[in-house]
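Contents: one structure, followed by commentary.
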Amino acid sequence: MDEQQEDSKLIMDLAWQQQQKKTFTAWCNSHLRKRRLEIKEIDQDFRSGLKLMALLEIISGENLPKPEKGKMRFHFVNNCNKALDFIRGKGVRLVSIGAEEIVDGNLKMTLGMIWTVILRFSIQDISVEESSAKEGLLLWCQKKTAPYKNVKVTNFHMSWKDGLAFCALIHRHRPDLINYDSLSKDDPRKNLETAFEVAEKHLDIPRMLDAEDLTEIVKPDERAVMTYVACYYHAFSGAQKAEQASNRICQALRANQENEELMDKYEKLASDLLEWIEKTKPPLEDRTSDNTVEALQKKLEDFRDYRRTQKPPKAEEKGQLESIFNTLQTKLRLSNRPAYMPSDGKLVSDIASAWKGLEGAEKGYEEWLLTEMRRLESLEHLAKKFHHRVAVHRAWTEGKHDLCNSNDYEDCSLQQCKAMVKKHEAFESDYSAHDDRVEQIDKIAEELNTPDYYDAANIVAINNDVKQDWDALRQEMENRTKALKEKEAELENLEAQRLDYSKRAGKLNNWMLSCMEDMEDTFNVHSIEEVTELIEEHKAFTSSIGDAEQEKNSILEYSGTAADPETGNSYTSVSPNEIEQNWSRLVELSDKRNVDLDAELATQHEHEKLRVHFAELANACDKWMQEQNEKCRAITMQQSGSLEESLQKLQEHLETIEQRKPDIEEMESTHQAINIARIYDNPHTALTMEHIRTEWDHLRTTCSRTINEVENQILLRDALSLTEEQIKEYRASFDHFDRDNSGRLDYVEFRGCLLSLGHEVDPNAPKGEETFNKIMDQVDPNKLGYVPFETFMDFMAKDTAVEDTAAQVTDSFKVLAGDKPYILPDEIRRELPPDQAEYCISRMSPYTGPGAPAEALDYESFSCGLYGESDL
């Protein structure tokens, strides 16, 4: 080496020495100020050993032997030896550095000793990716400055000359302190001054270097730069720990807040739905009625409106409630929170039970309505028949009392008397024939005399009046019979022809009256066969009317010979004119009944079309819904594709199902038309609208639940780092052993499933039975005897998951509290976002340990409470 090179090296060594002196002095003072101590000349102020021992106690947190207070050289040497012995006790080699050199103020040796201390207590603990101290600090700098342009840290001298590396470290951790984009590589002095001022003012990093120490020296001192950069590491590593702790706490609080929101939403939905069910059931269980068709029809229309407009939104709320519950339980399992237990009476099973009770009430109510409708229709039909027959009866009895009470026979001639006797005999015959009609009226009245018929009292009163009048007429008739018999002794010669006429005419007239009653009688039928039977009966009647017409013509011809020239035929009130009128009326009613039966036949054909149309729709829809159920199951069973693809297919499948809703609405419309037409049976299908509704709701609910199940599997995969291959493997194993497709495994099936997945639960293996029993205690704590799919997936997820625990959150609070066993509200507000800080403070209990201020809070019990634990 020539003389010029030696001079250049000497100059560089002196420059580095001055840099180290300035930097190491600032570093020492940054620690000594904690005891209100300071050094100005590093080679002079450590000579007594007192400040050196104080420095070592501060940075190590340990106590050194008591220093000697004397002013003599040997006192100084002893103190320095105590300090150096302490350094050696930490496993640090001090090459060529002795107490005498420190006491004598040897600058080079003093700087070497301080550098050794810096390495041991400030840099040695820095380890990034298992590198050495220097490499670890360099690697940390490289990682933090990698995203910044014009910065490339490869060493601790030349890489820092332009100041951008210092600015990048500050901006990476505190972007609010420096506008990095405004800096220029061409102005290193400004960059350095900016970094040093910001670090001193805002980060509590003492100014250990000046800008000229880097810009005016060709190669800055590596030790000085490392010492200063290490201060950045320690400043930011502490903040980083606090930030990590704060993030962990925020994550735990955020999960708790979201879970509480879901719980509140579930509770409100459950309360509202249960309240609605409780309010809706009593009217459906009410079986009171005023026994009128009109009131019952109004109830039926109100019930259809309830089924069409009120119930469907509540069914959707029920499905939403189940999805919220499943999602909430999944989130709680993933965050290691205890399972959510709804308030009393608000379990999903309680909701399902209440819903089942509601549907049972609906079914019973609908059956009651239809049964009542049929019963009241039958009663109304009987009532019409009763009133019609009473009207006919009263028309027949009109004037009969006057006839029976008449004394017209007293002054009659023999012929007239005979006529009266015969006439009365004819009347008796009519009376006897008419007695059957009165009995029919009484029989109908007895059928109507029931508390379930609203007009029963009136019917009974009318019937009693009819019977009383009939009995009175019988007595009057018997009295007249007796009188006429007595008179008949006087009037023997009555004309047989007139009597014969009266009998034949009376018989014909009664037959016509009876037929007319039948013609005027309404009919109540519910099928084509019943109408056809009535038509055939009427055809039989019309085919026999010819014989009756011959009899009628014969009677009319005979009436002329039987008439008295002066008085006519006094033996009967049935005149030829009346027979002609009744005959015309009978023919007219017969023709009208033909028309009415044809119209009813057409109506029944329309009813049959409704039955057939509903049956076709229902049978096709039932088959389609079964196919869709199988398709939904096939999607969940498929082994190819991601969970997201399965979720998309299921959502598309649900949209396809919803597109079929117009068919359901058409069936509802047809069903309503059937009910309005009062059609009570359908031989073309065993399916009812109630069955279709139930299957439709089941299909939609099954698809929605399956979607929710896949969403929860995605949650499991993302939150617990499960792969889709794992989830598919678990699903395939479960389905393989779930041979009856029940969605759950019994103990034998579950053991086989665990064995297939590699769990040591073979009863013949050592501790196999013990391991299996422990697992069963987890998955079936209530000893139900089976394991549902969700519980199985939960177990497998936990078996492979890295748990987030209350202990971890407690450790995070401890970081924010500065290792205190309690934390202050201001410390929480400083580290957490405002909303989460207040949420946290409002739920923390006061800390009751010794020596704590009044506002101290217990973070350990709060952390345990988040995870449902009594203690850590």
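Each chain in the structure tokens gets a letter, A, B and so on, in the order shown; residues start at 1 in every chain, and ligands are counted from 1 in the order they appear.
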Who sits within 7 Å of region 374-390 of chain A, only C-alpha atoms, same chain under 5 positions skipped, as a PyMOL selection string
chain A and resi 291-293+441+444+448+521
Only N, CA, C and O atoms, please: the residues just picked out, written as a compact mmCIF listing (two decimals), in the first residue's frame.
```txt
# COMPACT_ATOMS: atom_id res chain seq x y z
N ASN A 291 -124.50 -21.36 11.59
CA ASN A 291 -125.18 -22.44 10.86
C ASN A 291 -125.90 -21.95 9.61
O ASN A 291 -126.91 -22.52 9.21
N THR A 292 -125.34 -20.88 8.98
CA THR A 292 -125.90 -20.44 7.69
C THR A 292 -124.85 -20.64 6.62
O THR A 292 -123.65 -20.49 6.87
N VAL A 293 -125.31 -20.96 5.43
CA VAL A 293 -124.39 -21.20 4.31
C VAL A 293 -123.62 -19.92 3.99
O VAL A 293 -122.42 -19.96 3.68
N ILE A 441 -143.71 -34.83 5.69
CA ILE A 441 -143.40 -33.50 6.21
C ILE A 441 -142.87 -33.62 7.64
O ILE A 441 -141.87 -32.98 8.01
N ILE A 444 -139.31 -35.00 7.65
CA ILE A 444 -138.32 -33.97 7.25
C ILE A 444 -138.09 -33.01 8.41
O ILE A 444 -136.96 -32.59 8.71
N LEU A 448 -134.66 -31.89 10.47
CA LEU A 448 -134.22 -30.51 10.60
C LEU A 448 -134.21 -30.04 12.04
O LEU A 448 -133.64 -28.99 12.36
N ASP A 521 -139.88 -30.49 -6.85
CA ASP A 521 -138.84 -30.75 -5.85
C ASP A 521 -137.46 -30.49 -6.46
O ASP A 521 -137.16 -30.93 -7.58
```
Leaving out region 224-237 of chain A and any residue of its chain fewer than 6 positions from it, which residues lie within 6 Å of it when counting only C-alpha atoms, given as number ranges by chain?
A: 20, 23, 156
Write out as a PyMOL selection string all residues of region 54-301 of chain A that backbone DSSP assigns to alpha helix (DSSP H).
chain A and resi 54-60+73-89+99-103+107-118+133-145+164-173+188-202+211-215+222-285+293-301
Neighbours of region 70-83 of chain A within 6 Å (only C-alpha atoms; same-chain residues fewer than 4 positions away dropped), as a PDB file with N, CA, C and O atoms, in the first residue's frame?
```pdb
ATOM      1  N   SER A  48     -15.250   7.006  35.236  1.00  0.00           N
ATOM      2  CA  SER A  48     -15.494   6.602  36.631  1.00  0.00           C
ATOM      3  C   SER A  48     -16.230   5.270  36.722  1.00  0.00           C
ATOM      4  O   SER A  48     -16.299   4.671  37.785  1.00  0.00           O
ATOM      5  N   GLY A  49     -16.826   4.837  35.633  1.00  0.00           N
ATOM      6  CA  GLY A  49     -17.580   3.583  35.621  1.00  0.00           C
ATOM      7  C   GLY A  49     -19.005   3.715  36.145  1.00  0.00           C
ATOM      8  O   GLY A  49     -19.826   2.798  35.988  1.00  0.00           O
ATOM      9  N   MET A  53     -22.098   1.721  34.489  1.00  0.00           N
ATOM     10  CA  MET A  53     -22.899   0.739  35.220  1.00  0.00           C
ATOM     11  C   MET A  53     -24.402   1.100  35.154  1.00  0.00           C
ATOM     12  O   MET A  53     -25.256   0.215  35.009  1.00  0.00           O
ATOM     13  N   ALA A  99     -10.453  -2.555  31.730  1.00  0.00           N
ATOM     14  CA  ALA A  99     -10.955  -1.429  32.519  1.00  0.00           C
ATOM     15  C   ALA A  99      -9.995  -0.246  32.452  1.00  0.00           C
ATOM     16  O   ALA A  99     -10.425   0.921  32.444  1.00  0.00           O
TER      17      ALA A  99
END
```
Have a look at CA of Arg307 (chain A) and CA of Gln651 (chain A) and let me know their distance in Å, one decimal.
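Value for the CA of Arg307 (chain A)-CA of Gln651 (chain A) distance: 26.3 Å.
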Spatial neighbours of Asp780 (chain A), max dist 12 Å, only C-alpha atoms, sep filter under 2 positions, as a list of chain:residue names:
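Counting only C-alpha atoms, the residues come to A:Arg744, A:Leu745, A:Asp746, A:Tyr747, A:Phe750, A:Phe772, A:Asn773, A:Lys774, A:Ile775, A:Met776, A:Asp777, A:Gln778, A:Asn782, A:Lys783, A:Leu784, A:Gly785, A:Tyr786, A:Val787, A:Pro788, A:Thr791, A:Phe792, A:Phe795.
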Expressed in Å, the length from CA of Arg585 (chain A) to CA of Met516 (chain A) is 7.7 Å
Quick one: residues within 12 Å of Leu328 (chain A), only C-alpha atoms counted, chain neighbours fewer than 6 positions away excluded, as a PyMOL selection string?
chain A and resi 255-266+321-322+334-335+337-342+708+711-712+715
Can you tell me how far CA of Arg678 (chain A) sits from CA of His698 (chain A), in Å to one decimal?
28.6 Å
